[in-house]
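Accompanying notes for the structure given below.
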Amino acid sequence: MGVLIDLHVHSTASDGTQPPAELVRAAAAAGLDVVALTDHDSTAGWAEASAAAAVAGVQVLPGVEISCRLDGVGVHLLGYLIDPDHPGLRAELDATRDDRVHRARRMVQLIAVDHALTWDDVLAQVPDGATVGRPHLADALIARGHVVDRDEAFARILHSRGPYHVPHRAPDAVDAVRLVRSAGGVAVMAHPLAARRGRVVTDDAIGRLADAGLAGLEADHPDHLPAERGHLRHLARDLGLLVTGSSDYHGSGKPNRLGQETTTPDTLEALLSLAARPAG
Ligand code: AMP
Ligand code: FE
Ligand code: FE
Ligand code: ZN
């Protein structure tokens with residue numbers, strides 16, 4: 001068996017369903033050698049994950065999935081090995097996390113017109129210190145009996161083109177790539193062409209991220225069709241970018257399995273060589 005590397009998973013520090021230590025043990029049990037913890041706009045799970053890593057026998061790569069905007073489209077940027085105390089990056093993450101709360105409250109007000117739901121219902125679903133997101137609204141809708149799972153909640157009520165959707169503040173993705181670089185990290189664009197999630201950006205926009213210092217594209221992602229993966233491999237070659245693969249595992253919140261998509265050891269080595277700080 002080769003080395004198994006999964007560079008994008010979520011814990012209860014954002015919208016995953018497993019606490020960081022449990023997630024790391026699950027990663028080891030799934031046979032992974034390296035797992036990157038990439039919670040939405042948060043590094044709060046890092047300490048627990050790295051403490052669990054040595055015992056579990058798996059290497060944890062610290063990361064974050066930064067919610068950004070590019071040409072009016074929501075895009076996600078994976079930042080690996082950033083300095084979590086870099087003031088500029090910290091300020092952006094904190095501002096986004098703060099506005100996510102206001103945005104979720106606003107969405108609850110809109111949803112409550114048609115489906116019984118209160119802010120307390122949502123709070124009951126948000127683990128301590130977690131980045132609040134639509135998946136927690138989904139969990140509250142499940143608890144109320146309006147839907148059976150997160151997938152149905154997104155399909156029927158929470159989707160980004162629906163009547164209840166409210167955007168939250170997010171940094172421009174070009175600025176976010178520069179911030180990740182100045183915080184000593186490496187930036188990879190998450191699921192760049194996942195059209196089923198909503199609008200996606202143009203190749204030209206991805207080119208601008210490359211010019212700003214982007215290192216890679218997450219072509220192998222459960223939400224990408226084969227044609228989208230092929231297009232991204234071509235684009236990566238044209239732009240001189242690396243190609244990664246990851247599961248985007250969220251515990252029981254999504255069907256994605258740990259290690260469902262993986263990154264090659266050579267690619268990981270190339271990514272690590274671009275970071276200012278050594279891994280691990
Ligand atoms: P937000 O960041 O608050 O806008 O919520 C987006 C998050 O919802 C994504 O990061 C996904 O993890 C999650 N999500 C989107 N669609 C689904 C779905 N169909 N089932 C479960 N989770 C989803
Ligand atoms: Fe998520
Ligand atoms: Fe994402
Ligand atoms: Zn993700």
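Ordering of the structure tokens sets the chain letters (A, B, ...), residue numbers begin anew at 1 in every chain, and ligands are numbered from 1 in the order given.
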
Compute the set of protein, DNA and RNA residues whose minimum atom distance to ligand 3 is at most 8 Å, using only C-alpha atoms and all ligand atoms, and state it as a ChimeraX atom specification. /A:40,65,67,75-77,190-191,248

Which of segment 35-207 of chain A DSSP labels strand (DSSP E or B), written as an MDAnalysis selection string: chainID A and resid 35:40 59:70 73:80 172 186:189

With only C-alpha atoms as the basis for distance, which of A:Ala49, A:Ala153, A:Ala236, A:Leu241 is at the shortest distance from Gln18 of chain A?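 When distances to Gln18 of chain A are compared using only C-alpha atoms, the smallest one comes from A:Ala49.
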
Surroundings of ligand 4 up to 12 Å, based on only C-alpha atoms and all ligand atoms, as a VMD selection string: chain A and resid 6 to 11 14 to 16 36 to 42 63 to 67 75 to 79 133 135 188 to 192 194 197 218 221 to 223 246 to 251 253 to 254 256

Can you check which residues of segment 97-201 of chain A DSSP gives as alpha helix (DSSP H) on the backbone and send them as a PyMOL selection string? chain A and resi 97-112+119-123+134-143+150-153+173-182

Residue subset to file, keeping C-alpha atoms, as a PDB file, in the first residue's frame:
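So out11.pdb came out as:
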```pdb
ATOM      1  CA  ARG A  97     -16.478  34.273  11.757  1.00  0.00           C
ATOM      2  CA  ASP A  98     -18.183  37.180  13.500  1.00  0.00           C
ATOM      3  CA  ASP A  99     -20.268  38.124  10.473  1.00  0.00           C
ATOM      4  CA  ARG A 100     -21.253  34.470   9.962  1.00  0.00           C
ATOM      5  CA  VAL A 101     -23.204  34.731  13.240  1.00  0.00           C
ATOM      6  CA  HIS A 102     -25.136  37.813  12.071  1.00  0.00           C
ATOM      7  CA  ARG A 103     -25.748  36.186   8.715  1.00  0.00           C
ATOM      8  CA  ALA A 104     -27.058  32.981  10.320  1.00  0.00           C
ATOM      9  CA  ARG A 105     -29.416  35.008  12.552  1.00  0.00           C
ATOM     10  CA  ARG A 106     -30.723  36.843   9.498  1.00  0.00           C
ATOM     11  CA  MET A 107     -31.284  33.548   7.666  1.00  0.00           C
ATOM     12  CA  VAL A 108     -33.198  32.186  10.669  1.00  0.00           C
ATOM     13  CA  GLN A 109     -35.487  35.246  10.549  1.00  0.00           C
ATOM     14  CA  LEU A 110     -36.188  34.625   6.859  1.00  0.00           C
ATOM     15  CA  ILE A 111     -36.672  30.875   7.230  1.00  0.00           C
ATOM     16  CA  ALA A 112     -38.942  31.338  10.277  1.00  0.00           C
ATOM     17  CA  TRP A 119     -32.063  31.157  16.975  1.00  0.00           C
ATOM     18  CA  ASP A 120     -31.975  28.991  20.102  1.00  0.00           C
ATOM     19  CA  ASP A 121     -32.691  25.948  17.904  1.00  0.00           C
ATOM     20  CA  VAL A 122     -29.533  26.787  15.960  1.00  0.00           C
ATOM     21  CA  LEU A 123     -27.412  27.539  19.032  1.00  0.00           C
ATOM     22  CA  ARG A 134     -25.461  26.738   7.126  1.00  0.00           C
ATOM     23  CA  PRO A 135     -24.836  23.114   8.188  1.00  0.00           C
ATOM     24  CA  HIS A 136     -25.793  24.146  11.754  1.00  0.00           C
ATOM     25  CA  LEU A 137     -29.006  25.663  10.404  1.00  0.00           C
ATOM     26  CA  ALA A 138     -29.527  22.347   8.636  1.00  0.00           C
ATOM     27  CA  ASP A 139     -29.054  20.472  11.911  1.00  0.00           C
ATOM     28  CA  ALA A 140     -31.651  22.727  13.580  1.00  0.00           C
ATOM     29  CA  LEU A 141     -34.089  22.060  10.715  1.00  0.00           C
ATOM     30  CA  ILE A 142     -33.495  18.320  11.187  1.00  0.00           C
ATOM     31  CA  ALA A 143     -34.109  18.606  14.959  1.00  0.00           C
ATOM     32  CA  ARG A 150     -28.286  18.086   5.813  1.00  0.00           C
ATOM     33  CA  ASP A 151     -28.535  17.197   2.153  1.00  0.00           C
ATOM     34  CA  GLU A 152     -32.314  17.670   2.110  1.00  0.00           C
ATOM     35  CA  ALA A 153     -31.946  20.908   4.099  1.00  0.00           C
ATOM     36  CA  ALA A 173      -9.667  35.669  -2.883  1.00  0.00           C
ATOM     37  CA  VAL A 174      -6.653  37.422  -4.441  1.00  0.00           C
ATOM     38  CA  ASP A 175      -6.055  39.245  -1.152  1.00  0.00           C
ATOM     39  CA  ALA A 176      -6.533  35.976   0.746  1.00  0.00           C
ATOM     40  CA  VAL A 177      -3.875  34.206  -1.368  1.00  0.00           C
ATOM     41  CA  ARG A 178      -1.457  37.055  -0.568  1.00  0.00           C
ATOM     42  CA  LEU A 179      -2.358  36.843   3.138  1.00  0.00           C
ATOM     43  CA  VAL A 180      -1.718  33.095   3.232  1.00  0.00           C
ATOM     44  CA  ARG A 181       1.664  33.678   1.588  1.00  0.00           C
ATOM     45  CA  SER A 182       2.595  36.486   3.962  1.00  0.00           C
TER      46      SER A 182
END
```

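Considering only C-alpha atoms and all ligand atoms, the residue among A:Leu274, A:Val24, A:Leu242, A:Ile157 positioned nearest to ligand 1 is A:Ile157.
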
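The nearest approach to ligand 1 among the residues A:Pro265, A:Gly74, A:Gly230, A:Gly2, with only C-alpha atoms and all ligand atoms taken into account, belongs to A:Gly74.
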
I need the residue nearest ligand 1 from this list: A:Ala212, A:Val201, A:Val166, A:Leu258. Use only C-alpha atoms and all ligand atoms for the distance. A:Val166

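The two atoms in question, atom CA of Val126 of chain A and atom CA of Gly259 of chain A, are spaced 26.0 Å apart.
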
Shortest interatomic distance to ligand 2 - which of A:Leu93, A:Ala52, A:Ala30, A:Ala13, counting only C-alpha atoms and all ligand atoms: A:Ala13

Point-to-point distance in Å for atom 3 (O, counted along the ligand's line) of ligand 1 and atom CA of Arg156 of chain A: 15.4 Å

Pick from A:Leu89, A:Leu268, A:Val132, A:Ala124, whichever lies nearest to ligand 2 using only C-alpha atoms and all ligand atoms: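 Closest to ligand 2 of all the choices is A:Val132.
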
One number please: atom CA of Gly57 of chain A to atom CA of Gly45 of chain A, in Å, one decimal.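 Spanning atom CA of Gly57 of chain A to atom CA of Gly45 of chain A is a straight-line distance of 17.7 Å.
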
Who sits within 6 Å of Arg229 of chain A, only C-alpha atoms, same chain under 3 positions skipped, as an mmCIF file with all heavy atoms, in the first residue's frame:
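And here's part03.cif as it stands now:
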```
data_model
loop_
_atom_site.group_PDB
_atom_site.id
_atom_site.type_symbol
_atom_site.label_atom_id
_atom_site.label_comp_id
_atom_site.auth_asym_id
_atom_site.auth_seq_id
_atom_site.Cartn_x
_atom_site.Cartn_y
_atom_site.Cartn_z
ATOM 1 N N ALA A 219 -8.246 19.417 -7.747
ATOM 2 C CA ALA A 219 -9.016 18.858 -8.868
ATOM 3 C C ALA A 219 -9.804 17.623 -8.443
ATOM 4 O O ALA A 219 -10.942 17.424 -8.865
ATOM 5 C CB ALA A 219 -8.082 18.510 -10.015
ATOM 6 N N PRO A 226 -15.881 13.994 -13.788
ATOM 7 C CA PRO A 226 -14.634 13.688 -14.511
ATOM 8 C C PRO A 226 -14.195 14.791 -15.474
ATOM 9 O O PRO A 226 -13.002 15.116 -15.539
ATOM 10 C CB PRO A 226 -14.988 12.397 -15.266
ATOM 11 C CG PRO A 226 -16.037 11.748 -14.417
ATOM 12 C CD PRO A 226 -16.837 12.871 -13.830
ATOM 13 N N LEU A 232 -9.421 20.952 -14.983
ATOM 14 C CA LEU A 232 -8.546 21.541 -13.956
ATOM 15 C C LEU A 232 -7.101 21.063 -14.095
ATOM 16 O O LEU A 232 -6.163 21.815 -13.851
ATOM 17 C CB LEU A 232 -9.096 21.231 -12.560
ATOM 18 C CG LEU A 232 -10.340 22.046 -12.186
ATOM 19 C CD1 LEU A 232 -11.014 21.474 -10.950
ATOM 20 C CD2 LEU A 232 -9.973 23.512 -11.955
#
```

What's around Asp172 of chain A at 8 Å? Count only C-alpha atoms, leave out sequence neighbours fewer than 4 positions away in its own chain, and write the answer as an NGL selection string. :A and (68-70 or 176)

How would the residues just picked look written out with N, CA, C and O atoms as a PDB file, in the first residue's frame?
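So part_23.pdb came out as:
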```pdb
ATOM      1  N   CYS A  68     -13.930  32.970   0.773  1.00  0.00           N
ATOM      2  CA  CYS A  68     -13.543  34.182   0.043  1.00  0.00           C
ATOM      3  C   CYS A  68     -14.586  34.513  -1.015  1.00  0.00           C
ATOM      4  O   CYS A  68     -15.523  33.745  -1.249  1.00  0.00           O
ATOM      5  N   ARG A  69     -14.377  35.653  -1.676  1.00  0.00           N
ATOM      6  CA  ARG A  69     -15.205  36.000  -2.823  1.00  0.00           C
ATOM      7  C   ARG A  69     -14.290  36.414  -3.965  1.00  0.00           C
ATOM      8  O   ARG A  69     -13.227  37.003  -3.742  1.00  0.00           O
ATOM      9  N   LEU A  70     -14.689  36.047  -5.182  1.00  0.00           N
ATOM     10  CA  LEU A  70     -13.898  36.391  -6.366  1.00  0.00           C
ATOM     11  C   LEU A  70     -14.875  36.685  -7.488  1.00  0.00           C
ATOM     12  O   LEU A  70     -15.688  35.812  -7.845  1.00  0.00           O
ATOM     13  N   ALA A 176      -6.696  37.109  -0.173  1.00  0.00           N
ATOM     14  CA  ALA A 176      -6.533  35.976   0.746  1.00  0.00           C
ATOM     15  C   ALA A 176      -5.311  35.130   0.362  1.00  0.00           C
ATOM     16  O   ALA A 176      -4.578  34.665   1.234  1.00  0.00           O
TER      17      ALA A 176
END
```
